[in-house]
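Enquirer: Quick one: this structure, given as structure tokens, is what I'll be asking you about.
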Amino acid sequence: MHKIDFPVSKARKYLEPGPVVLLSSQFEDQRDIMTLGWHTILEFSPSLVGCMIAGGNHSHELIRQSGQCVINVPSANLVDSVVAIGNSHGDRLDKFDAFTLTPEPASVVNAPLIDECFASFECQLYDDSMVDNYNFFIFEIVKAHVAATPEFPPTLHYTGEGRFSVMSNLLLDKRGDFKPEMLI
């Protein structure tokens, strides 16, 4: 396979690990939603996830103050809301109202779940030792809420430069056998 030189600053096009999520947060009477593409699973038990949350983001401060958030996974049909949330400022508007999303009370944390998302993971700050230098938060998922169907909804994946891809097909069955009929 012939390969060409590629700008290292665009490596995320090929390495972005997971779906774009909507991270909801709340501290006292302030709440926010942010679009987040930089996250990674770090451990299975306890269930730890790392998130890059820029210091200039309104959610950053709410999470620093509360130590909590909810990671909500939207399906691809929410792409317009995902993009609009990512291009707006939570200190200037209530994104739940502006983008007609429904906040639902969480079971363990104070941040709201987003009802329109097929999965919501309540998170408690586990380790903030890399926040000051790298804006990298490590959360423990303390409660998970997932829709029963569909089992594999189409998810958005950010590839940089304002482009998204959609993952919607399961190519392996439960035994790990390749299913070519699942290809588009």
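Please note that chains go A, B, ... in the order of the structure tokens, that every chain numbers its residues from 1, and that ligands are numbered from 1 in the order shown.
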Quick one: residues within 7 Å of Cys69 (chain A), only C-alpha atoms, excluding same-chain residues fewer than 4 positions away - as an MDAnalysis selection string?
Expert: chainID A and resid 23:25 63 111 122:124
Enquirer: Set out as a tab-separated table a contact list for region 47-112 of chain A and region 136-160 of chain A with a cut-off of 9 Å, giving each residue of region 47-112 of chain A that qualifies its closest atom pair and distance in Å to one decimal, counting only C-alpha atoms, ordered by chain and rising residue number.
Expert:
```
residue	atom	partner	partner_atom	distance
A:Ser47	CA	A:Ile141	CA	5.5
A:Leu48	CA	A:Glu140	CA	4.5
A:Val49	CA	A:Phe139	CA	5.3
A:Gly50	CA	A:Ile138	CA	4.4
A:Cys51	CA	A:Phe137	CA	5.2
A:Met52	CA	A:Phe136	CA	4.6
A:Ile53	CA	A:Phe136	CA	6.5
A:Ala54	CA	A:Phe136	CA	8.5
A:Gly67	CA	A:Phe139	CA	8.8
A:Gln68	CA	A:Phe139	CA	8.1
A:Cys69	CA	A:Phe139	CA	8.6
A:Val70	CA	A:Ile141	CA	8.7
A:Ile71	CA	A:Ile141	CA	8.9
A:Val73	CA	A:Thr155	CA	7.9
A:Pro74	CA	A:Thr155	CA	6.8
A:Ser75	CA	A:Thr155	CA	4.9
A:Ala76	CA	A:Thr155	CA	4.9
A:Asn77	CA	A:Pro154	CA	8.1
A:Leu78	CA	A:Leu156	CA	8.9
A:Val79	CA	A:Leu156	CA	7.4
A:Ala106	CA	A:Lys143	CA	8.7
A:Ser107	CA	A:Lys143	CA	7.4
A:Val108	CA	A:Lys143	CA	6.9
A:Val109	CA	A:Val142	CA	8.5
```
Enquirer: Got time to write the residues from that selection, all heavy atoms, as a short mmCIF file (atom, residue, chain, number, x, y, z; two decimals), in the first residue's frame?
Expert:
```cif
data_model
loop_
_atom_site.label_atom_id
_atom_site.label_comp_id
_atom_site.auth_asym_id
_atom_site.auth_seq_id
_atom_site.Cartn_x
_atom_site.Cartn_y
_atom_site.Cartn_z
N SER A 47 -15.06 2.05 36.21
CA SER A 47 -15.24 2.52 34.84
C SER A 47 -14.76 3.96 34.73
O SER A 47 -15.44 4.89 35.16
CB SER A 47 -16.72 2.40 34.46
OG SER A 47 -16.88 2.74 33.11
N LEU A 48 -13.58 4.14 34.14
CA LEU A 48 -12.97 5.47 34.05
C LEU A 48 -12.92 5.94 32.60
O LEU A 48 -12.60 5.16 31.70
CB LEU A 48 -11.55 5.46 34.62
CG LEU A 48 -11.39 5.05 36.07
CD1 LEU A 48 -9.92 5.10 36.48
CD2 LEU A 48 -12.23 5.92 36.99
N VAL A 49 -13.20 7.21 32.41
CA VAL A 49 -13.14 7.82 31.09
C VAL A 49 -12.41 9.15 31.21
O VAL A 49 -12.61 9.90 32.17
CB VAL A 49 -14.57 8.00 30.48
CG1 VAL A 49 -15.44 8.89 31.33
CG2 VAL A 49 -14.51 8.52 29.07
N GLY A 50 -11.53 9.43 30.26
CA GLY A 50 -10.80 10.68 30.23
C GLY A 50 -11.40 11.61 29.19
O GLY A 50 -11.75 11.16 28.09
N CYS A 51 -11.51 12.89 29.53
CA CYS A 51 -12.11 13.89 28.62
C CYS A 51 -11.24 15.13 28.56
O CYS A 51 -10.82 15.65 29.60
CB CYS A 51 -13.50 14.29 29.11
SG CYS A 51 -14.69 12.96 29.20
N MET A 52 -11.02 15.63 27.35
CA MET A 52 -10.35 16.90 27.14
C MET A 52 -11.41 17.99 27.08
O MET A 52 -12.25 17.98 26.18
CB MET A 52 -9.57 16.89 25.83
CG MET A 52 -8.46 15.86 25.77
SD MET A 52 -7.11 16.18 26.89
CE MET A 52 -6.45 17.68 26.21
N ILE A 53 -11.39 18.90 28.06
CA ILE A 53 -12.37 19.98 28.12
C ILE A 53 -11.60 21.29 28.21
O ILE A 53 -10.97 21.59 29.23
CB ILE A 53 -13.31 19.81 29.34
CG1 ILE A 53 -14.00 18.44 29.28
CG2 ILE A 53 -14.32 20.96 29.39
CD1 ILE A 53 -14.78 18.09 30.53
N ALA A 54 -11.62 22.05 27.15
CA ALA A 54 -10.83 23.27 27.05
C ALA A 54 -11.16 24.24 28.18
O ALA A 54 -12.31 24.38 28.58
CB ALA A 54 -11.07 23.94 25.70
N GLY A 67 -17.48 19.00 40.14
CA GLY A 67 -16.85 17.69 40.10
C GLY A 67 -17.73 16.63 39.47
O GLY A 67 -17.50 15.43 39.67
N GLN A 68 -18.70 17.05 38.65
CA GLN A 68 -19.66 16.11 38.07
C GLN A 68 -20.03 16.51 36.65
O GLN A 68 -19.90 17.67 36.27
CB GLN A 68 -20.95 16.08 38.89
CG GLN A 68 -20.77 15.69 40.33
CD GLN A 68 -22.08 15.75 41.11
OE1 GLN A 68 -23.01 16.47 40.74
NE2 GLN A 68 -22.15 15.00 42.19
N CYS A 69 -20.51 15.52 35.89
CA CYS A 69 -21.07 15.78 34.56
C CYS A 69 -21.84 14.54 34.13
O CYS A 69 -21.82 13.51 34.81
CB CYS A 69 -19.97 16.11 33.55
SG CYS A 69 -18.88 14.74 33.17
N VAL A 70 -22.49 14.65 32.99
CA VAL A 70 -23.13 13.51 32.35
C VAL A 70 -22.63 13.47 30.91
O VAL A 70 -22.66 14.48 30.21
CB VAL A 70 -24.68 13.59 32.38
CG1 VAL A 70 -25.29 12.41 31.63
CG2 VAL A 70 -25.19 13.65 33.81
N ILE A 71 -22.15 12.30 30.50
CA ILE A 71 -21.74 12.08 29.12
C ILE A 71 -22.94 11.47 28.41
O ILE A 71 -23.35 10.35 28.72
CB ILE A 71 -20.51 11.17 29.03
CG1 ILE A 71 -19.31 11.83 29.73
CG2 ILE A 71 -20.19 10.85 27.57
CD1 ILE A 71 -18.10 10.91 29.87
N VAL A 73 -24.75 10.33 24.80
CA VAL A 73 -24.37 9.90 23.46
C VAL A 73 -25.56 10.09 22.52
O VAL A 73 -26.56 9.38 22.63
CB VAL A 73 -23.92 8.42 23.45
CG1 VAL A 73 -23.39 8.05 22.06
CG2 VAL A 73 -22.86 8.16 24.51
N PRO A 74 -25.45 11.07 21.61
CA PRO A 74 -26.55 11.31 20.65
C PRO A 74 -26.42 10.37 19.45
O PRO A 74 -25.32 9.95 19.09
CB PRO A 74 -26.31 12.75 20.22
CG PRO A 74 -24.83 12.91 20.30
CD PRO A 74 -24.38 12.06 21.47
N SER A 75 -27.53 10.07 18.83
CA SER A 75 -27.48 9.35 17.56
C SER A 75 -27.25 10.38 16.45
O SER A 75 -27.37 11.59 16.66
CB SER A 75 -28.75 8.55 17.32
OG SER A 75 -29.87 9.39 17.33
N ALA A 76 -26.93 9.88 15.27
CA ALA A 76 -26.57 10.75 14.16
C ALA A 76 -27.69 11.70 13.76
O ALA A 76 -27.42 12.77 13.20
CB ALA A 76 -26.14 9.91 12.96
N ASN A 77 -28.94 11.38 14.07
CA ASN A 77 -30.04 12.27 13.68
C ASN A 77 -30.02 13.59 14.45
O ASN A 77 -30.72 14.52 14.08
CB ASN A 77 -31.39 11.58 13.83
CG ASN A 77 -31.76 11.28 15.26
OD1 ASN A 77 -30.88 11.05 16.09
ND2 ASN A 77 -33.03 11.28 15.56
N LEU A 78 -29.20 13.70 15.48
CA LEU A 78 -29.07 14.97 16.22
C LEU A 78 -27.89 15.81 15.74
O LEU A 78 -27.47 16.74 16.42
CB LEU A 78 -28.91 14.69 17.73
CG LEU A 78 -30.16 14.19 18.45
CD1 LEU A 78 -29.84 13.86 19.90
CD2 LEU A 78 -31.28 15.22 18.38
N VAL A 79 -27.39 15.52 14.55
CA VAL A 79 -26.19 16.22 14.06
C VAL A 79 -26.35 17.74 14.06
O VAL A 79 -25.41 18.46 14.42
CB VAL A 79 -25.76 15.71 12.65
CG1 VAL A 79 -26.80 16.04 11.60
CG2 VAL A 79 -24.39 16.24 12.28
N ALA A 106 -30.73 13.34 36.97
CA ALA A 106 -29.86 12.18 37.10
C ALA A 106 -30.17 11.46 38.42
O ALA A 106 -30.84 12.01 39.29
CB ALA A 106 -28.40 12.63 37.06
N SER A 107 -29.67 10.26 38.54
CA SER A 107 -29.89 9.47 39.76
C SER A 107 -28.85 9.74 40.83
O SER A 107 -29.15 9.70 42.02
CB SER A 107 -29.85 7.97 39.43
OG SER A 107 -30.83 7.64 38.50
N VAL A 108 -27.59 10.01 40.40
CA VAL A 108 -26.48 10.13 41.36
C VAL A 108 -25.88 11.53 41.37
O VAL A 108 -25.57 12.05 42.43
CB VAL A 108 -25.39 9.08 41.04
CG1 VAL A 108 -24.21 9.20 41.99
CG2 VAL A 108 -25.98 7.67 41.08
N VAL A 109 -25.70 12.14 40.19
CA VAL A 109 -25.05 13.45 40.11
C VAL A 109 -26.10 14.54 39.94
O VAL A 109 -27.28 14.26 39.69
CB VAL A 109 -24.01 13.49 38.96
CG1 VAL A 109 -22.96 12.41 39.15
CG2 VAL A 109 -24.67 13.38 37.60
#
```
Enquirer: For Gly55 (chain A), please output as a PyMOL selection string all residues within 9 Å (counting only C-alpha atoms; exclusion window: fewer than 5 positions along the same chain).
Expert: chain A and resi 60-61+131-132+135
Enquirer: Going by DSSP on the backbone, which bits of region 2-179 of chain A are helix (DSSP H, G or I)? Write them as JSON, numbers by chain, please.
Expert: {"A": [8, 9, 10, 12, 13, 14, 15, 58, 59, 60, 61, 62, 63, 64, 65, 66, 76, 77, 78, 79, 80, 81, 82, 83, 84, 85, 86, 95, 96, 97, 98, 131, 132, 133, 134]}
Enquirer: Residues of the last selection are to be written out with N, CA and C atoms, as a compact mmCIF listing (two decimals), in the first residue's frame.
Expert:
```txt
# COMPACT_ATOMS: atom_id res chain seq x y z
N VAL A 8 0.82 15.98 10.63
CA VAL A 8 0.56 15.38 11.94
C VAL A 8 -0.58 16.09 12.67
N SER A 9 -0.80 17.35 12.38
CA SER A 9 -1.88 18.10 13.04
C SER A 9 -3.26 17.58 12.62
N LYS A 10 -3.33 16.77 11.59
CA LYS A 10 -4.61 16.24 11.12
C LYS A 10 -4.75 14.74 11.41
N ARG A 12 -5.95 13.23 13.81
CA ARG A 12 -7.23 12.87 14.43
C ARG A 12 -8.23 12.31 13.42
N LYS A 13 -8.05 12.67 12.14
CA LYS A 13 -8.93 12.15 11.10
C LYS A 13 -8.96 10.62 11.13
N TYR A 14 -7.85 10.02 11.51
CA TYR A 14 -7.75 8.56 11.53
C TYR A 14 -7.74 7.96 12.93
N LEU A 15 -7.49 8.77 13.94
CA LEU A 15 -7.32 8.24 15.29
C LEU A 15 -8.44 8.53 16.26
N HIS A 58 -17.32 27.06 28.95
CA HIS A 58 -18.14 27.30 30.14
C HIS A 58 -18.29 26.03 30.98
N SER A 59 -18.42 24.89 30.33
CA SER A 59 -18.56 23.62 31.04
C SER A 59 -17.33 23.31 31.90
N HIS A 60 -16.16 23.73 31.45
CA HIS A 60 -14.92 23.49 32.20
C HIS A 60 -15.06 24.01 33.62
N GLU A 61 -15.50 25.23 33.75
CA GLU A 61 -15.63 25.84 35.08
C GLU A 61 -16.73 25.18 35.90
N LEU A 62 -17.86 24.87 35.26
CA LEU A 62 -18.94 24.20 35.99
C LEU A 62 -18.49 22.84 36.54
N ILE A 63 -17.72 22.12 35.76
CA ILE A 63 -17.23 20.82 36.20
C ILE A 63 -16.15 20.98 37.27
N ARG A 64 -15.30 21.97 37.13
CA ARG A 64 -14.29 22.22 38.18
C ARG A 64 -14.99 22.51 39.51
N GLN A 65 -16.09 23.25 39.46
CA GLN A 65 -16.80 23.62 40.69
C GLN A 65 -17.61 22.44 41.26
N SER A 66 -18.25 21.67 40.40
CA SER A 66 -19.15 20.61 40.86
C SER A 66 -18.48 19.25 40.98
N ALA A 76 -26.93 9.88 15.27
CA ALA A 76 -26.57 10.75 14.16
C ALA A 76 -27.69 11.70 13.76
N ASN A 77 -28.94 11.38 14.07
CA ASN A 77 -30.04 12.27 13.68
C ASN A 77 -30.02 13.59 14.45
N LEU A 78 -29.20 13.70 15.48
CA LEU A 78 -29.07 14.97 16.22
C LEU A 78 -27.89 15.81 15.74
N VAL A 79 -27.39 15.52 14.55
CA VAL A 79 -26.19 16.22 14.06
C VAL A 79 -26.35 17.74 14.06
N ASP A 80 -27.49 18.27 13.68
CA ASP A 80 -27.67 19.73 13.66
C ASP A 80 -27.53 20.32 15.06
N SER A 81 -28.11 19.67 16.05
CA SER A 81 -27.98 20.15 17.43
C SER A 81 -26.56 20.02 17.93
N VAL A 82 -25.90 18.90 17.61
CA VAL A 82 -24.52 18.67 18.03
C VAL A 82 -23.61 19.79 17.51
N VAL A 83 -23.75 20.12 16.24
CA VAL A 83 -22.93 21.17 15.63
C VAL A 83 -23.27 22.53 16.23
N ALA A 84 -24.55 22.84 16.36
CA ALA A 84 -24.96 24.14 16.91
C ALA A 84 -24.49 24.31 18.35
N ILE A 85 -24.59 23.27 19.15
CA ILE A 85 -24.11 23.35 20.53
C ILE A 85 -22.61 23.61 20.55
N GLY A 86 -21.89 22.93 19.67
CA GLY A 86 -20.44 23.12 19.60
C GLY A 86 -20.02 24.50 19.15
N LYS A 95 -28.48 26.24 26.56
CA LYS A 95 -28.48 25.39 25.38
C LYS A 95 -29.63 24.38 25.38
N PHE A 96 -30.11 24.00 26.55
CA PHE A 96 -31.28 23.12 26.57
C PHE A 96 -32.46 23.82 25.90
N ASP A 97 -32.70 25.07 26.28
CA ASP A 97 -33.81 25.82 25.69
C ASP A 97 -33.54 26.17 24.22
N ALA A 98 -32.33 26.64 23.94
CA ALA A 98 -32.00 27.10 22.59
C ALA A 98 -32.10 25.98 21.56
N VAL A 131 -5.59 18.37 34.86
CA VAL A 131 -6.45 19.44 34.36
C VAL A 131 -5.67 20.73 34.16
N ASP A 132 -4.86 21.12 35.13
CA ASP A 132 -4.14 22.39 35.02
C ASP A 132 -3.20 22.43 33.82
N ASN A 133 -2.50 21.33 33.55
CA ASN A 133 -1.53 21.31 32.46
C ASN A 133 -2.12 20.93 31.11
N TYR A 134 -3.14 20.06 31.10
CA TYR A 134 -3.61 19.51 29.84
C TYR A 134 -5.12 19.61 29.61
```
Enquirer: Return the single residue from A:Phe27, A:Pro19, A:Ile33, A:Lys3 that is closest to Leu113 (chain A), with distances computed using only C-alpha atoms.
Expert: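 Result for the nearest residue to Leu113 (chain A): A:Ile33.
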